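**Student:** Could you have a look at this structure, given as structure tokens, before my questions?
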Amino acid sequence: AAEAAPKLFRAVLGSVVAFATAIGKNDALEAATRQTALELLATLAEAAPGMCRKHAAFCTEMVPVCLQLMSSVADDEAWYAADTLDEADSDESHVFGEQTLDRLANALGGKQLLPVAFNYIPQMLAASEWNQRHAALMAVSSIGEGCYKIMRNELGKILQMVVPFLADPHARVRYAACNCIGQMSTDFAPKLQAEHHELVLAGLLPVMAQAGVPRVQTHAAAAMVNFAEEATKQVLEPYLDALLERLLAMLDGPRRYVQEQAITTIATIADNAQAKFGKYYGTIMPLLLNVLAQATDQDHRLLRGKAMECATFIALAVGKDVFAPDIPRLVELLTLAQQAVADADDPQASYLQAAWARLCRLMGADFVPLLPVVMPPLLAAAKQQPDFAVLEAGEDAEASYAAEDGWEFASIGGQQIGIRTTLLEEKCEAVELIGTYARDLGAGYVAYAAETLDTLVPLFRFYFHEGVRVAAAAAVPHVLAAVKLAGDGAALRQAWAPICDRYVGVLAAEDDDAFAVQLFGSFADAVLAVGAASMGGGQLEALAAACVAQMTKYHRRMKDREAARAAEELDEDDEEQLAEAELLEGLAVDEVARALHAVFQTHGAAFAPAFASLLPVARTYLHERDAAARQWAICVFDDLVEFTGPASAPHAAAFLEPLAQALRDMAAPDLRQAAAYGVGVMAQHGGDAYADFVAGVALPALLALIARPDARAQDNVFATENAVSAVAKVLRFHAARLPDARAVLQAWFRALPVANDEDEVPPVYEYLAQVLREQPDALVPPGDAAALAHVVKAVAAPLAAFDLAPELAQALLALMQKSMQALDAPAQAALWAEIPREQLQALQAKGLL
């Protein structure tokens with residue numbers, strides 16, 4: 001009830017909090033009873049955070065109980081002597097306290113929870129009892145993510161408080177400090193790494209050398225993984241020697257888990273350092289290859305897996321040329337390891353799959369001969385079906401279906417329904433890797449394309465695991481592109497026809513907005529991969545109908561939200577849920593537009609008859625108050641004009657006035673961008689049917705837009721650059737209709753450069769080159785040094801920002817050089833000083849200066 005209907009507790013929340021916390025802090029009760037009481041409150045906080053925030057005693061009562069549980073950790077001798085690092089059971093009281101505090105922080109946020117927590121944390125850190133200090137440090141690491149916004153501003157002070165405990169006399173406290181640093185390295189990246197690396201690493205490096213307490217030493221190395229994953233190369237490079245010295249010493253240690261962690265940390269550091277890691281290659285790679293060759297017994301399977309991971313990360317870091325002499329040996333060892341995998345729970349299997357994928361990235365086409373070794377187990381993993389169990393309500397699921405084996409149960413209709421999630425994770429990873437092989441190998445993957453597509457496409461409806469569905473949708477376009485690159489157009493069309501039907505069928509009925517985002521985007525990529533005229537008339541109609549169904553559903557939800565807000569029926573929790581739904585639906589609407597654009601791009605006017613069914617929905621969206629809704633409608637119309645030209649004119653009447661209004665909507669830059677793009681499309685493709693609107697109505701709004709003082713502000717720059725591009729197209733295709741085309745041209749020239757929206761660079765700068773070639777005096781009167789300097793600055797910006805097509809890049813470079821040569825030496829020197837340093841550096845890196 002707390003999860004499904006939390007507001008039922010509103011009237012009695014104070015009593016529930018008092019009752020549950022009294023049970024939670026009662027040491028005389030069994031741990032399970034205390035945890036159940038606190039679970040009720042944690043569930044309420046997650047289901048109705050606004051309701052719980054308004055209850056003043058919620059955090060003040062709940063936080064100290066969590067801290068009390070966290071302080072119950074015992075100094076067990078077995079913890080020090082352990083030969084393996086099994087994670088602590090979540091039903092242990094101190095672990096449950098940590099998890100509950102983390103859930104509270106994420107649900108309620110720092111404004112509510114942080115002041116309460118820090119009423120206790122400093123005094124606990126100062127306590128003589130080690131378990132108090134341990135609990136305080138674990139609390140800091142637990143609340144960081146949820147309290148990020150507030151803690152970020154005090155990060156330096158918090159680290160000054162935490163780091164000294166890396167040298168605490170008690171090993172368990174040092175362990176907790178490592179845990180805290182590791183978690184904060186993730187939660188507060190990259191700020192922590194950039195601003196506090198000296199403080200953090202000065203504390204962490206000595207702990208990595210504490211071989212006498214291997215669990216603490218190992219946890220310090222694990223914290224280093226978190227730090228290095230988010231650090232820049234420049235931050236980490238000065239510490240490489242010290243880090244590798246300690247990690248190599250750990251590799252020589254007697255405990256296997258220490259060696260395993262050392263290898264993992266080395267892999268992360270290599271991934272960060274890239275080519276700089278070459279200095280250590282000759283020392284470390286032979287050690288890893290030796291592990292793979294010698295540590296062949298069952299107890300060392302995880303160590304071997306981590307060695308595979310590390311070796312291939314290092315290979316990617318140093319590059320193919322450095323790694324080339326060791327490729328045959330590593331391939332041999334990986335092949336032998338794969339042949340030796342027999343048990344379903346062998347950890348080497350997943351490490352092997354990922355290692356092969358990294359080798360593929362490194363070797364490119366040279367990897368293709370290895371596919372017969374790699375693909376059969378990978379495809380088998382992708383085809384795995386989930387294990388299910390159905391038990392009666394009173395049966396003990398744990399007796400036969402242990403959680404550590406990956407079983408999870410839920411109560412449905414009086415029965416316990418279980419599914420083994422570990423298999424689903426393996427399946428998901430396999431599908432993701434298949435996509436990377438198809439992407440990286442291109443035509444080299446074609447031998448496996450048919451079997452792959454037969455495996456992946458049905459997974460669009462694999463409702464047991466969202467990740468599998470998403471990975472399958474992401475992979476299919478890469479496989480289709482591989483078939484296309486192989487040059488077998490007939491095979492591609494034959495494969496695509498039933499896949500297209502499956503796509504459209506799922507899209508029409510998909511209720512999961514997150515997956516709809518993925519699948520519409522995947523469909524767009526697939527259509528572009530297959531190419532022109534890939535869909536028949538019936539398929540085009542079915543796609544349009546699917547889009548109508550989805551957009552009608554989103555419109556209905558939008559109106560329901562508006563009605564609820566107008567009626568003031570929403571509390572804080574409702575508003576948070578609606579905001580999340582709006583964000584997700586907005587992404588879905590964007591992907592619907594992208595899918596429609598892809599079909600128009602590949603089918604042109606042939607899509608127009610089916611597309612006509614979308615126009616009534618678009619007109620409905622066009623008149624909504626919501627700017628994103630109007631933007632979608634304008635994008636739909638933009639596509640219609642771009643790909644059907646003058647034939648779109650009969651539909652224009654409903655769109656032109658709203659589009660003109662959108663150009664003047666200063667509160668919605670994305671809407672202005674879509675409208676400006678549309679004007680450019682009308683100017684270029686619409687012909688005479690749109691000429692009066694473009695020249696007489698839209699152009700003044702565009703000129704006002706690009707002349708605004710805030711036109712180059714971060715929020716406005718893309719709308720501005722689309723407007724600049726649209727003005728160029730009006731001048732290029734309709735200059736004869738303008739009463740003073742020269743004045744418009746001058747205003748357009750002053751609005752350059754275009755250096756943010758790469759798609760608009762070609763039309764703008766091709767036109768600039770044309771004008772300077774055909775009528776140079778219109779922009780640069782003889783002897784006008786300011787105009788020459790503006791040409792140089794206008795051209796330098798896109799040359800520095802983008803890798804342009806060679807022909808356009810050479811034309812712009814010639815313009816820049818010619819304009820520069822027309823200036824005297826002092827003017828040239830002054831101009832170079834005005835161009836931003838990062839632009840000059842980019843031009844020099846590209847060999848353009």
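To be explicit about the labels: the chains of the structure tokens are called A, B, and onward in the order shown, and within each one the residues are counted from 1, while ligands get numbers from 1 in the order they are shown.
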Can you tell me which residues surround Ala355 in chain A at a distance of at most 12 Å, considering only C-alpha atoms, apart from same-chain residues fewer than 6 positions away, and format the answer as a PDB file with N, CA and C atoms, in the first residue's frame?

**Tutor:**
ATOM      1  N   ALA A 267      43.881  -1.422 -15.529  1.00  0.00           N
ATOM      2  CA  ALA A 267      43.092  -1.277 -16.754  1.00  0.00           C
ATOM      3  C   ALA A 267      42.461   0.107 -16.835  1.00  0.00           C
ATOM      4  N   ARG A 304      41.862 -14.479 -14.285  1.00  0.00           N
ATOM      5  CA  ARG A 304      42.120 -14.536 -15.724  1.00  0.00           C
ATOM      6  C   ARG A 304      41.191 -13.575 -16.481  1.00  0.00           C
ATOM      7  N   GLY A 305      39.925 -13.540 -16.066  1.00  0.00           N
ATOM      8  CA  GLY A 305      38.996 -12.621 -16.715  1.00  0.00           C
ATOM      9  C   GLY A 305      39.446 -11.179 -16.597  1.00  0.00           C
ATOM     10  N   LYS A 306      39.901 -10.809 -15.408  1.00  0.00           N
ATOM     11  CA  LYS A 306      40.371  -9.439 -15.220  1.00  0.00           C
ATOM     12  C   LYS A 306      41.654  -9.182 -16.001  1.00  0.00           C
ATOM     13  N   ALA A 307      42.488 -10.191 -16.153  1.00  0.00           N
ATOM     14  CA  ALA A 307      43.692 -10.038 -16.974  1.00  0.00           C
ATOM     15  C   ALA A 307      43.330  -9.811 -18.442  1.00  0.00           C
ATOM     16  N   MET A 308      42.315 -10.524 -18.919  1.00  0.00           N
ATOM     17  CA  MET A 308      41.831 -10.280 -20.290  1.00  0.00           C
ATOM     18  C   MET A 308      41.371  -8.832 -20.450  1.00  0.00           C
ATOM     19  N   GLU A 309      40.599  -8.376 -19.472  1.00  0.00           N
ATOM     20  CA  GLU A 309      40.095  -7.007 -19.509  1.00  0.00           C
ATOM     21  C   GLU A 309      41.241  -6.009 -19.531  1.00  0.00           C
ATOM     22  N   CYS A 310      42.182  -6.201 -18.649  1.00  0.00           N
ATOM     23  CA  CYS A 310      43.290  -5.256 -18.537  1.00  0.00           C
ATOM     24  C   CYS A 310      44.155  -5.254 -19.794  1.00  0.00           C
ATOM     25  N   ALA A 311      44.475  -6.432 -20.292  1.00  0.00           N
ATOM     26  CA  ALA A 311      45.334  -6.520 -21.483  1.00  0.00           C
ATOM     27  C   ALA A 311      44.712  -5.810 -22.671  1.00  0.00           C
ATOM     28  N   THR A 312      43.407  -5.973 -22.845  1.00  0.00           N
ATOM     29  CA  THR A 312      42.765  -5.351 -24.007  1.00  0.00           C
ATOM     30  C   THR A 312      42.559  -3.850 -23.807  1.00  0.00           C
ATOM     31  N   PHE A 313      42.353  -3.400 -22.568  1.00  0.00           N
ATOM     32  CA  PHE A 313      42.306  -1.955 -22.331  1.00  0.00           C
ATOM     33  C   PHE A 313      43.671  -1.329 -22.611  1.00  0.00           C
ATOM     34  N   ILE A 314      44.725  -2.001 -22.179  1.00  0.00           N
ATOM     35  CA  ILE A 314      46.072  -1.484 -22.447  1.00  0.00           C
ATOM     36  C   ILE A 314      46.342  -1.472 -23.950  1.00  0.00           C
ATOM     37  N   ALA A 315      45.907  -2.502 -24.639  1.00  0.00           N
ATOM     38  CA  ALA A 315      46.100  -2.554 -26.089  1.00  0.00           C
ATOM     39  C   ALA A 315      45.439  -1.363 -26.773  1.00  0.00           C
ATOM     40  N   LEU A 316      44.197  -1.057 -26.366  1.00  0.00           N
ATOM     41  CA  LEU A 316      43.520   0.106 -26.940  1.00  0.00           C
ATOM     42  C   LEU A 316      44.247   1.394 -26.594  1.00  0.00           C
ATOM     43  N   LEU A 330      48.070 -13.058 -27.587  1.00  0.00           N
ATOM     44  CA  LEU A 330      46.836 -12.809 -26.848  1.00  0.00           C
ATOM     45  C   LEU A 330      45.653 -13.496 -27.520  1.00  0.00           C
ATOM     46  N   VAL A 331      45.594 -13.440 -28.838  1.00  0.00           N
ATOM     47  CA  VAL A 331      44.506 -14.122 -29.548  1.00  0.00           C
ATOM     48  C   VAL A 331      44.530 -15.621 -29.251  1.00  0.00           C
ATOM     49  N   LEU A 333      45.751 -17.110 -26.571  1.00  0.00           N
ATOM     50  CA  LEU A 333      45.352 -17.348 -25.186  1.00  0.00           C
ATOM     51  C   LEU A 333      43.846 -17.158 -24.992  1.00  0.00           C
ATOM     52  N   LEU A 334      43.267 -16.161 -25.637  1.00  0.00           N
ATOM     53  CA  LEU A 334      41.827 -15.949 -25.529  1.00  0.00           C
ATOM     54  C   LEU A 334      41.053 -17.094 -26.181  1.00  0.00           C
ATOM     55  N   THR A 335      41.575 -17.574 -27.288  1.00  0.00           N
ATOM     56  CA  THR A 335      40.911 -18.696 -27.965  1.00  0.00           C
ATOM     57  C   THR A 335      40.927 -19.945 -27.084  1.00  0.00           C
ATOM     58  N   ALA A 337      41.159 -20.003 -23.865  1.00  0.00           N
ATOM     59  CA  ALA A 337      40.266 -19.757 -22.733  1.00  0.00           C
ATOM     60  C   ALA A 337      38.819 -19.967 -23.129  1.00  0.00           C
ATOM     61  N   GLN A 338      38.454 -19.520 -24.309  1.00  0.00           N
ATOM     62  CA  GLN A 338      37.071 -19.682 -24.742  1.00  0.00           C
ATOM     63  C   GLN A 338      36.718 -21.152 -24.930  1.00  0.00           C
ATOM     64  N   GLN A 348      34.720 -16.095 -16.702  1.00  0.00           N
ATOM     65  CA  GLN A 348      35.530 -15.750 -17.866  1.00  0.00           C
ATOM     66  C   GLN A 348      34.687 -15.442 -19.094  1.00  0.00           C
ATOM     67  N   ALA A 349      33.485 -16.014 -19.160  1.00  0.00           N
ATOM     68  CA  ALA A 349      32.674 -15.883 -20.378  1.00  0.00           C
ATOM     69  C   ALA A 349      32.390 -14.422 -20.706  1.00  0.00           C
ATOM     70  N   ARG A 361      37.817  -3.477 -31.975  1.00  0.00           N
ATOM     71  CA  ARG A 361      38.003  -2.029 -32.167  1.00  0.00           C
ATOM     72  C   ARG A 361      39.438  -1.723 -32.563  1.00  0.00           C
ATOM     73  N   LEU A 362      40.379  -2.442 -31.977  1.00  0.00           N
ATOM     74  CA  LEU A 362      41.792  -2.187 -32.238  1.00  0.00           C
ATOM     75  C   LEU A 362      42.226  -2.704 -33.605  1.00  0.00           C
ATOM     76  N   VAL A 374      34.461 -16.085 -32.204  1.00  0.00           N
ATOM     77  CA  VAL A 374      33.786 -15.156 -31.290  1.00  0.00           C
ATOM     78  C   VAL A 374      32.271 -15.251 -31.368  1.00  0.00           C
ATOM     79  N   LEU A 433      27.076  -6.185 -27.501  1.00  0.00           N
ATOM     80  CA  LEU A 433      28.341  -6.458 -28.177  1.00  0.00           C
ATOM     81  C   LEU A 433      28.132  -6.791 -29.648  1.00  0.00           C
TER      82      LEU A 433
END

**Student:** Hey, what's within 8 Å of range 687-695 of chain A if we count only C-alpha atoms and toss same-chain stuff fewer than 6 positions away? As a VMD selection string, please?

**Tutor:** chain A and resid 645 to 646 649 656 679 730 734 737 to 738

**Student:** Please give the complete set of residues from range 37-166 of chain A that DSSP, run on the backbone, assigns to helix (DSSP H, G or I), formatted as a PyMOL selection string.

**Tutor:** chain A and resi 37-47+49-53+57-70+77-81+93-108+110-125+130-143+148-153+155-166

**Student:** Considering only C-alpha atoms, state which residue in the set A:Gln494, A:Gln684, A:Gln746, A:Gln384 is at the smallest distance from Ala450 in chain A.

**Tutor:**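 Residue with the minimum atom-to-atom distance to Ala450 in chain A: A:Gln494.
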
**Student:** Provide the CA of Ala845 in chain A to CA of Glu229 in chain A distance in Å, to one decimal place.

**Tutor:**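 CA of Glu229 in chain A lies 27.0 Å from CA of Ala845 in chain A.
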
**Student:** What is the CA of Asp387 in chain A-CA of Val431 in chain A distance in Å, reported with one decimal?

**Tutor:**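 According to the coordinates, CA of Asp387 in chain A and CA of Val431 in chain A are separated by 18.0 Å.
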